[in-house]
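Chemist: Contents are mmCIF, C-alpha atoms; file name my_file01.cif:
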data_protein
#
loop_
_atom_site.group_PDB
_atom_site.id
_atom_site.type_symbol
_atom_site.label_atom_id
_atom_site.label_comp_id
_atom_site.auth_asym_id
_atom_site.auth_seq_id
_atom_site.Cartn_x
_atom_site.Cartn_y
_atom_site.Cartn_z
ATOM 1 C CA MET A 3 -153.754 124.702 114.350
ATOM 2 C CA SER A 4 -152.701 125.521 117.903
ATOM 3 C CA LYS A 5 -149.896 123.704 119.678
ATOM 4 C CA ILE A 6 -152.341 122.178 122.147
ATOM 5 C CA THR A 7 -154.539 120.772 119.373
ATOM 6 C CA PHE A 8 -151.455 119.475 117.543
ATOM 7 C CA LYS A 9 -150.234 117.673 120.666
ATOM 8 C CA LEU A 10 -153.672 116.242 121.364
ATOM 9 C CA ILE A 11 -154.091 114.860 117.836
ATOM 10 C CA PHE A 12 -150.619 113.384 117.465
ATOM 11 C CA GLY A 13 -150.535 112.301 121.103
ATOM 12 C CA VAL A 14 -153.668 110.190 120.635
ATOM 13 C CA TRP A 15 -152.429 108.901 117.277
ATOM 14 C CA GLY A 16 -149.082 107.957 118.808
ATOM 15 C CA GLN A 17 -150.793 106.114 121.639
ATOM 16 C CA ARG A 18 -152.927 104.188 119.174
ATOM 17 C CA MET A 19 -149.848 103.295 117.135
ATOM 18 C CA LEU A 20 -148.203 101.926 120.280
ATOM 19 C CA ALA A 21 -151.398 99.999 121.016
ATOM 20 C CA ALA A 22 -151.294 98.571 117.485
ATOM 21 C CA ALA A 23 -147.656 97.498 117.948
ATOM 22 C CA TYR A 24 -148.549 95.849 121.272
ATOM 23 C CA LEU A 25 -151.514 94.122 119.617
ATOM 24 C CA ALA A 26 -149.226 92.806 116.868
ATOM 25 C CA GLY A 27 -146.997 91.294 119.559
ATOM 26 C CA GLN A 28 -150.004 89.687 121.238
ATOM 27 C CA VAL A 29 -151.138 88.195 117.931
ATOM 28 C CA PHE A 30 -147.675 86.759 117.282
ATOM 29 C CA PHE A 31 -147.393 85.023 120.653
ATOM 30 C CA HIS A 32 -150.997 83.823 120.677
ATOM 31 C CA VAL A 33 -150.565 82.269 117.222
ATOM 32 C CA LEU A 34 -147.406 80.506 118.421
ATOM 33 C CA LYS A 35 -149.487 79.028 121.237
ATOM 34 C CA GLY A 36 -152.069 77.797 118.714
ATOM 35 C CA LYS A 37 -154.890 80.058 119.866
ATOM 36 C CA ILE A 38 -156.702 80.207 116.526
ATOM 37 C CA HIS A 39 -160.490 80.343 116.154
ATOM 38 C CA ARG A 40 -160.855 78.301 112.976
ATOM 39 C CA ARG A 41 -164.483 79.065 112.118
ATOM 40 C CA ASN A 42 -163.989 82.823 112.434
ATOM 41 C CA THR A 43 -160.790 82.570 110.409
ATOM 42 C CA VAL A 44 -162.555 80.829 107.512
ATOM 43 C CA GLU A 45 -165.369 83.412 107.600
ATOM 44 C CA GLN A 46 -162.887 86.282 107.482
ATOM 45 C CA MET A 47 -160.948 84.661 104.641
ATOM 46 C CA ALA A 48 -164.155 84.642 102.606
ATOM 47 C CA ILE A 49 -164.655 88.344 103.338
ATOM 48 C CA VAL A 50 -161.081 89.352 102.526
ATOM 49 C CA GLY A 51 -160.619 87.122 99.485
ATOM 50 C CA PRO A 52 -163.617 86.290 97.268
ATOM 51 C CA GLU A 53 -165.572 89.407 98.194
ATOM 52 C CA SER A 54 -162.608 91.635 97.291
ATOM 53 C CA LEU A 55 -161.690 89.770 94.116
ATOM 54 C CA LEU A 56 -163.837 91.627 91.589
ATOM 55 C CA ILE A 57 -162.671 95.124 92.536
ATOM 56 C CA VAL A 58 -159.042 93.959 92.637
ATOM 57 C CA LEU A 59 -159.265 92.418 89.165
ATOM 58 C CA LEU A 60 -161.011 95.445 87.667
ATOM 59 C CA THR A 61 -158.510 97.851 89.195
ATOM 60 C CA ALA A 62 -155.524 95.749 88.141
ATOM 61 C CA SER A 63 -156.754 95.309 84.568
ATOM 62 C CA PHE A 64 -157.126 99.031 83.958
ATOM 63 C CA VAL A 65 -153.866 99.867 85.712
ATOM 64 C CA GLY A 66 -152.088 97.366 83.459
ATOM 65 C CA MET A 67 -153.692 98.876 80.370
ATOM 66 C CA VAL A 68 -152.870 102.447 81.377
ATOM 67 C CA PHE A 69 -149.281 101.563 82.265
ATOM 68 C CA THR A 70 -148.851 99.840 78.904
ATOM 69 C CA ILE A 71 -150.160 102.898 77.069
ATOM 70 C CA GLN A 72 -147.687 105.150 78.875
ATOM 71 C CA VAL A 73 -144.689 102.838 78.453
ATOM 72 C CA ALA A 74 -145.335 101.366 75.005
ATOM 73 C CA ARG A 75 -145.649 104.720 73.242
ATOM 74 C CA GLU A 76 -142.147 105.635 74.418
ATOM 75 C CA LEU A 77 -140.441 102.264 73.927
ATOM 76 C CA VAL A 78 -141.903 101.741 70.457
ATOM 77 C CA SER A 79 -140.525 105.111 69.370
ATOM 78 C CA PHE A 80 -137.048 103.965 70.471
ATOM 79 C CA GLY A 81 -137.398 100.614 68.717
ATOM 80 C CA THR A 82 -137.503 98.609 71.960
ATOM 81 C CA ALA A 83 -141.042 97.267 71.789
ATOM 82 C CA ASN A 84 -139.706 93.879 72.903
ATOM 83 C CA MET A 85 -139.269 95.334 76.421
ATOM 84 C CA VAL A 86 -142.873 96.427 77.001
ATOM 85 C CA GLY A 87 -144.147 93.217 78.555
ATOM 86 C CA GLY A 88 -141.069 92.729 80.702
ATOM 87 C CA MET A 89 -141.100 96.233 82.135
ATOM 88 C CA LEU A 90 -144.788 95.937 82.947
ATOM 89 C CA ALA A 91 -144.255 92.546 84.589
ATOM 90 C CA ILE A 92 -141.358 93.734 86.760
ATOM 91 C CA THR A 93 -143.140 96.905 87.846
ATOM 92 C CA LEU A 94 -146.318 95.044 88.694
ATOM 93 C CA THR A 95 -144.631 92.150 90.460
ATOM 94 C CA ARG A 96 -142.220 94.161 92.574
ATOM 95 C CA GLU A 97 -144.264 97.256 93.361
ATOM 96 C CA LEU A 98 -147.604 98.028 91.750
ATOM 97 C CA GLY A 99 -149.242 94.650 92.313
ATOM 98 C CA PRO A 100 -148.672 94.309 96.076
ATOM 99 C CA VAL A 101 -149.214 98.009 96.796
ATOM 100 C CA LEU A 102 -152.305 98.312 94.602
ATOM 101 C CA THR A 103 -153.899 95.236 96.138
ATOM 102 C CA ALA A 104 -153.056 96.444 99.647
ATOM 103 C CA VAL A 105 -154.599 99.848 98.972
ATOM 104 C CA VAL A 106 -157.822 98.250 97.728
ATOM 105 C CA VAL A 107 -157.985 95.864 100.688
ATOM 106 C CA ALA A 108 -157.176 98.654 103.162
ATOM 107 C CA GLY A 109 -160.022 100.764 101.792
ATOM 108 C CA ARG A 110 -162.517 97.938 101.700
ATOM 109 C CA VAL A 111 -161.531 95.482 104.426
ATOM 110 C CA GLY A 112 -159.450 97.571 106.837
ATOM 111 C CA SER A 113 -162.214 100.128 107.176
ATOM 112 C CA ALA A 114 -164.755 97.349 107.752
ATOM 113 C CA PHE A 115 -162.608 95.863 110.521
ATOM 114 C CA ALA A 116 -162.300 99.224 112.275
ATOM 115 C CA ALA A 117 -166.011 100.008 111.936
ATOM 116 C CA GLU A 118 -167.228 96.574 113.030
ATOM 117 C CA ILE A 119 -164.954 96.195 116.043
ATOM 118 C CA GLY A 120 -165.327 99.890 116.912
ATOM 119 C CA THR A 121 -169.086 99.454 117.041
ATOM 120 C CA MET A 122 -168.640 96.406 119.253
ATOM 121 C CA LYS A 123 -166.384 98.458 121.520
ATOM 122 C CA VAL A 124 -168.731 101.431 122.010
ATOM 123 C CA THR A 125 -171.760 99.141 122.504
ATOM 124 C CA GLU A 126 -169.833 97.206 125.179
ATOM 125 C CA GLN A 127 -169.830 93.918 123.250
ATOM 126 C CA ILE A 128 -166.077 93.673 123.821
ATOM 127 C CA ASP A 129 -166.686 93.896 127.571
ATOM 128 C CA ALA A 130 -169.251 91.117 127.206
ATOM 129 C CA LEU A 131 -166.574 88.893 125.648
ATOM 130 C CA TYR A 132 -164.375 89.462 128.674
ATOM 131 C CA MET A 133 -167.310 88.560 130.934
ATOM 132 C CA LEU A 134 -167.643 85.299 129.006
ATOM 133 C CA LYS A 135 -163.892 84.693 129.507
ATOM 134 C CA THR A 136 -163.226 85.075 125.776
ATOM 135 C CA ASP A 137 -160.138 86.976 124.720
ATOM 136 C CA PRO A 138 -161.028 89.475 121.928
ATOM 137 C CA VAL A 139 -157.532 89.035 120.493
ATOM 138 C CA ASP A 140 -158.160 85.323 119.945
ATOM 139 C CA TYR A 141 -161.785 85.682 118.850
ATOM 140 C CA LEU A 142 -161.707 88.879 116.763
ATOM 141 C CA VAL A 143 -158.172 89.920 115.891
ATOM 142 C CA ILE A 144 -156.231 86.746 115.059
ATOM 143 C CA PRO A 145 -158.811 85.415 112.524
ATOM 144 C CA ARG A 146 -158.680 88.734 110.667
ATOM 145 C CA VAL A 147 -154.890 88.903 110.691
ATOM 146 C CA ILE A 148 -154.543 85.339 109.420
ATOM 147 C CA ALA A 149 -157.218 85.928 106.772
ATOM 148 C CA CYS A 150 -155.425 88.996 105.434
ATOM 149 C CA ALA A 151 -151.990 87.344 105.599
ATOM 150 C CA VAL A 152 -153.235 84.314 103.623
ATOM 151 C CA MET A 153 -155.556 85.963 101.124
ATOM 152 C CA MET A 154 -153.460 89.018 100.236
ATOM 153 C CA PRO A 155 -150.775 87.011 98.357
ATOM 154 C CA ILE A 156 -153.506 85.162 96.450
ATOM 155 C CA LEU A 157 -155.234 88.423 95.534
ATOM 156 C CA THR A 158 -151.885 89.909 94.515
ATOM 157 C CA LEU A 159 -151.108 86.955 92.251
ATOM 158 C CA LEU A 160 -154.492 87.278 90.543
ATOM 159 C CA CYS A 161 -153.923 91.040 90.311
ATOM 160 C CA LEU A 162 -150.647 90.436 88.468
ATOM 161 C CA VAL A 163 -152.289 88.062 86.001
ATOM 162 C CA ALA A 164 -155.150 90.485 85.309
ATOM 163 C CA ALA A 165 -152.808 93.455 84.858
ATOM 164 C CA ILE A 166 -150.450 91.602 82.520
ATOM 165 C CA LEU A 167 -153.379 90.373 80.430
ATOM 166 C CA GLY A 168 -154.766 93.905 80.298
ATOM 167 C CA GLY A 169 -151.382 95.169 79.145
ATOM 168 C CA LEU A 170 -151.210 92.408 76.544
ATOM 169 C CA MET A 171 -154.568 93.432 75.091
ATOM 170 C CA VAL A 172 -153.445 97.044 74.730
ATOM 171 C CA ALA A 173 -150.006 96.130 73.371
ATOM 172 C CA VAL A 174 -151.423 93.841 70.693
ATOM 173 C CA ASN A 175 -154.418 95.930 69.609
ATOM 174 C CA MET A 176 -153.071 99.479 69.931
ATOM 175 C CA TYR A 177 -149.337 99.154 69.256
ATOM 176 C CA ASP A 178 -149.234 96.056 67.011
ATOM 177 C CA ILE A 179 -146.771 94.290 69.280
ATOM 178 C CA PRO A 180 -146.957 90.548 68.540
ATOM 179 C CA GLN A 181 -148.324 88.452 71.376
ATOM 180 C CA SER A 182 -145.321 86.118 71.254
ATOM 181 C CA ILE A 183 -142.880 89.025 71.724
ATOM 182 C CA TYR A 184 -144.866 90.418 74.638
ATOM 183 C CA ILE A 185 -145.017 87.059 76.437
ATOM 184 C CA SER A 186 -141.360 86.351 75.679
ATOM 185 C CA SER A 187 -140.438 89.712 77.184
ATOM 186 C CA VAL A 188 -142.346 88.880 80.360
ATOM 187 C CA HIS A 189 -140.559 85.530 80.585
ATOM 188 C CA THR A 190 -137.136 87.107 79.977
ATOM 189 C CA PHE A 191 -137.436 89.910 82.518
ATOM 190 C CA LEU A 192 -139.359 88.171 85.278
ATOM 191 C CA THR A 193 -137.552 85.970 87.807
ATOM 192 C CA LEU A 194 -138.794 83.734 90.585
ATOM 193 C CA TRP A 195 -137.413 86.167 93.177
ATOM 194 C CA ASP A 196 -139.460 89.003 91.699
ATOM 195 C CA LEU A 197 -142.619 86.961 92.221
ATOM 196 C CA CYS A 198 -141.605 85.826 95.709
ATOM 197 C CA SER A 199 -140.716 89.371 96.768
ATOM 198 C CA GLY A 200 -144.129 90.630 95.663
ATOM 199 C CA LEU A 201 -145.902 87.892 97.593
ATOM 200 C CA ILE A 202 -143.808 88.562 100.707
ATOM 201 C CA LYS A 203 -144.681 92.244 100.488
ATOM 202 C CA SER A 204 -148.366 91.485 100.094
ATOM 203 C CA MET A 205 -148.336 89.247 103.164
ATOM 204 C CA VAL A 206 -146.699 91.989 105.247
ATOM 205 C CA PHE A 207 -149.191 94.549 103.935
ATOM 206 C CA GLY A 208 -152.065 92.210 104.788
ATOM 207 C CA VAL A 209 -150.872 91.918 108.390
ATOM 208 C CA LEU A 210 -150.511 95.713 108.595
ATOM 209 C CA VAL A 211 -154.048 96.324 107.322
ATOM 210 C CA ALA A 212 -155.566 93.791 109.711
ATOM 211 C CA VAL A 213 -153.615 94.850 112.801
ATOM 212 C CA ILE A 214 -154.237 98.567 112.266
ATOM 213 C CA GLY A 215 -157.921 98.090 111.443
ATOM 214 C CA THR A 216 -158.611 95.878 114.459
ATOM 215 C CA SER A 217 -156.453 97.960 116.813
ATOM 216 C CA TRP A 218 -158.217 101.181 115.862
ATOM 217 C CA GLY A 219 -161.520 99.396 116.422
ATOM 218 C CA LEU A 220 -160.518 98.154 119.869
ATOM 219 C CA THR A 221 -159.386 101.643 120.928
ATOM 220 C CA THR A 222 -162.541 103.402 119.702
ATOM 221 C CA THR A 223 -164.298 105.771 122.094
ATOM 222 C CA GLY A 224 -167.033 108.366 121.800
ATOM 223 C CA GLY A 225 -170.021 106.531 120.337
ATOM 224 C CA ALA A 226 -171.027 106.733 116.673
ATOM 225 C CA LYS A 227 -168.804 109.745 116.042
ATOM 226 C CA GLY A 228 -165.812 107.860 117.425
ATOM 227 C CA VAL A 229 -166.534 104.901 115.152
ATOM 228 C CA GLY A 230 -166.489 107.157 112.110
ATOM 229 C CA GLN A 231 -163.235 108.794 113.178
ATOM 230 C CA SER A 232 -161.621 105.424 113.888
ATOM 231 C CA THR A 233 -162.629 104.098 110.489
ATOM 232 C CA THR A 234 -161.161 107.090 108.666
ATOM 233 C CA THR A 235 -157.920 107.254 110.629
ATOM 234 C CA ALA A 236 -157.455 103.472 110.409
ATOM 235 C CA VAL A 237 -157.519 103.592 106.600
ATOM 236 C CA VAL A 238 -155.196 106.611 106.445
ATOM 237 C CA THR A 239 -152.765 105.051 108.915
ATOM 238 C CA ALA A 240 -152.823 101.737 107.054
ATOM 239 C CA LEU A 241 -152.043 103.455 103.744
ATOM 240 C CA ILE A 242 -149.162 105.451 105.230
ATOM 241 C CA SER A 243 -147.789 102.300 106.882
ATOM 242 C CA ILE A 244 -148.007 100.391 103.592
ATOM 243 C CA PHE A 245 -145.972 103.031 101.759
ATOM 244 C CA ILE A 246 -143.373 103.250 104.537
ATOM 245 C CA PHE A 247 -142.966 99.490 104.827
ATOM 246 C CA ASN A 248 -142.848 99.219 101.035
ATOM 247 C CA PHE A 249 -139.785 101.469 100.983
ATOM 248 C CA PHE A 250 -137.896 99.454 103.588
ATOM 249 C CA LEU A 251 -138.880 96.107 102.063
ATOM 250 C CA SER A 252 -137.804 97.294 98.599
ATOM 251 C CA TRP A 253 -134.533 98.593 100.025
ATOM 252 C CA ALA A 254 -133.884 95.242 101.720
ATOM 253 C CA MET A 255 -134.864 93.101 98.729
ATOM 254 C CA PHE A 256 -133.471 95.025 95.749
ATOM 255 C CA GLN A 257 -130.172 96.588 96.740
ATOM 256 C CA GLY A 258 -127.425 96.757 94.150
ATOM 257 C CA ILE A 259 -127.638 96.757 90.371
ATOM 258 C CA GLY A 260 -130.310 94.641 88.722
ATOM 259 C CA GLY A 261 -129.770 92.339 85.790
ATOM 260 C CA ALA A 262 -133.216 92.140 84.240
ATOM 261 C CA MET A 263 -132.496 94.890 81.704
ATOM 262 C CA LYS A 264 -129.184 93.317 80.671
ATOM 263 C CA GLN A 265 -130.865 90.043 79.775
ATOM 264 C CA SER A 266 -132.952 91.732 77.077
ATOM 265 C CA PHE A 267 -129.951 93.003 75.124
#
Could you show the structure in this file as structure tokens?
Modeler:
Amino acid sequence: MSKITFKLIFGVWGQRMLAAAYLAGQVFFHVLKGKIHRRNTVEQMAIVGPESLLIVLLTASFVGMVFTIQVARELVSFGTANMVGGMLAITLTRELGPVLTAVVVAGRVGSAFAAEIGTMKVTEQIDALYMLKTDPVDYLVIPRVIACAVMMPILTLLCLVAAILGGLMVAVNMYDIPQSIYISSVHTFLTLWDLCSGLIKSMVFGVLVAVIGTSWGLTTTGGAKGVGQSTTTAVVTALISIFIFNFFLSWAMFQGIGGAMKQSF
């Protein structure tokens, strides 16, 4: 890749990231002023939540089962089978649950936002909104951001339940771990802060997915080809942002030495 091509690619990407940051600021101040299109918000909540539920539950169930297989075979050999449920619960609540749900929503919903609004942009429907004195931020962006911010924690909570139940099924049927021990382990390890931290993360991830998807749509150029490129780069950028923000959120929430492991001994 030549230096000119490198500068062009990352220059455009950097500009779109700045546009996304500016859009996030606009959303924040417009929401404070109460500029919320309620009907669009409800419609977007239905798209983000119920229509994403099945794939989230299926993904979470199998991730919980696979994680239990990998962890239980080691812990049982060390005689610490009573820790299987707790370790799964902590990992899912703090990290896997929010990130997994965000990845699924970014791939399904974030790409749809970028494609839909990008198509509106290249077909001049966004310009038509301006002609009708309708702000696209209020009409298109804010409903999607609110929908993702509200529905992501709900999807994450259901993801956690599905994954823990999937792990329970594997633990009981494949490793003969009593159901009571598994559930007791979950109760011993898991704290209210673990659950709250996962829900906070999922809300932040939801805002990231919505802002990046809509921003990439609003900055789309170049016709059908541009829509395809915006959709792809929006998903990639959203995923990278999720992983970066996950690091900083985890660093802020879980500094120091934890006590969950000590409670089990």
Chemist: At a cut-off of 7 Å, can you tabulate as a Markdown table every residue of stretch 26-134 of chain A near stretch 230-248 of chain A together with its closest atom pair and the distance in Å to one decimal, using all atoms listed in the file and ordering rows by chain then number?
Modeler:
| residue | atom | partner | partner_atom | distance |
| --- | --- | --- | --- | --- |
| A:Val105 | CA | A:Leu241 | CA | 6.5 |
| A:Ala108 | CA | A:Val237 | CA | 6.0 |
| A:Gly109 | CA | A:Val237 | CA | 6.1 |
| A:Gly112 | CA | A:Val237 | CA | 6.3 |
| A:Ser113 | CA | A:Thr233 | CA | 5.2 |
| A:Ala116 | CA | A:Thr233 | CA | 5.2 |
| A:Ala117 | CA | A:Thr233 | CA | 5.5 |
Chemist: What's the separation between atom CA of A:Tyr132 and atom CA of A:Arg110, in Å to one decimal place?
Modeler: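 So the two atoms, atom CA of A:Tyr132 and atom CA of A:Arg110, lie 28.3 Å apart.
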Chemist: Quick check on the file I pasted: which residues fall under the PyMOL selection byres ((chain A and resi 95) around 7)? Write them as a list in words.
Modeler: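 With the shown file as input, the PyMOL selection byres ((chain A and resi 95) around 7) matches Ala91, Ile92, Thr93, Leu94, Arg96, Glu97, Leu98, Gly99, Leu162, Asp196, Leu197 and Gly200 of chain A.
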Chemist: Starting from the shown file, work through the PyMOL selection byres ((chain A and resi 42) around 12) and note down what comes out as a list in words.
Modeler: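 Selection result, ordered by chain and number: Ile38, His39, Arg40, Arg41, Thr43, Val44, Glu45, Gln46, Met47, Ala48, Ile49, Pro138, Asp140, Tyr141, Leu142, Val143, Ile144, Pro145, Arg146, Val147, Ile148 and Ala149 of chain A.
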Chemist: Between A:Gly224, A:Glu53, A:Asp137, A:Thr103, single out the one closest to A:Leu160, counting only C-alpha atoms.
Modeler: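 Smallest separation from A:Leu160 among the options: A:Thr103.
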Chemist: Any idea what's packed within 7 Å of stretch 20-25 of chain A, counting only C-alpha atoms, ignoring anything in its chain fewer than 5 positions away? Could you give it as a VMD selection string?
Modeler: chain A and resid 213 to 214 217
Chemist: What does the distance from atom CA of A:Ile179 to atom CA of A:Ala83 come to in Å, to one decimal?
Modeler: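 These two atoms are separated by 6.9 Å.
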Chemist: With a distance cut-off of 10 Å and all atoms listed in the file, select the neighbouring residues of stretch 71-75 of chain A, excluding the residue or stretch itself and same-chain residues fewer than 3 positions from it, and output the selection as a PyMOL selection string.
Modeler: chain A and resi 65-68+78-80+82-87+89-90+169+172-173+176-177+179
Chemist: Which value, in Å to one decimal, gives the distance between atom CA of A:Gly225 and atom CA of A:Val124?
Modeler: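 About the pair atom CA of A:Gly225 and atom CA of A:Val124: they are 5.5 Å apart.
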Chemist: Pick out the closest residue to A:Phe207 from this set: A:Ala226, A:Met153, A:Leu34, A:Ile57. Count only C-alpha atoms.
Modeler: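 Answer, going by the shortest atom-to-atom distance: A:Met153.
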Chemist: Could you tell me which of A:Leu251, A:Leu59, A:Ile119, A:Leu194 comes closest to A:Thr223 if we count all atoms listed in the file?
Modeler: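 Among the listed residues, the smallest separation from A:Thr223 belongs to A:Ile119.
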Chemist: Selected by the PyMOL selection byres ((chain A and resi 123) around 10) in the shown coordinates: which residues, as a PyMOL selection string?
Modeler: chain A and resi 117-122+124-130+219-225+229
Chemist: For A:Pro155, which residue out of A:Ser199, A:Ser187, A:Thr136, A:Thr193 is the nearest one, using all atoms listed in the file?
Modeler: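 Ranked by minimum distance to A:Pro155, first place goes to A:Ser199.
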Chemist: Smallest atom-to-atom distance to A:Phe249: which of A:Leu157, A:Val101, A:Ala26, A:Ala164, using all atoms listed in the file?
Modeler: A:Val101
Chemist: Using all atoms listed in the file, can you tell me which of A:Asn175, A:Thr70, A:Thr158, A:Gln17 comes closest to A:Gly208?
Modeler: A:Thr158
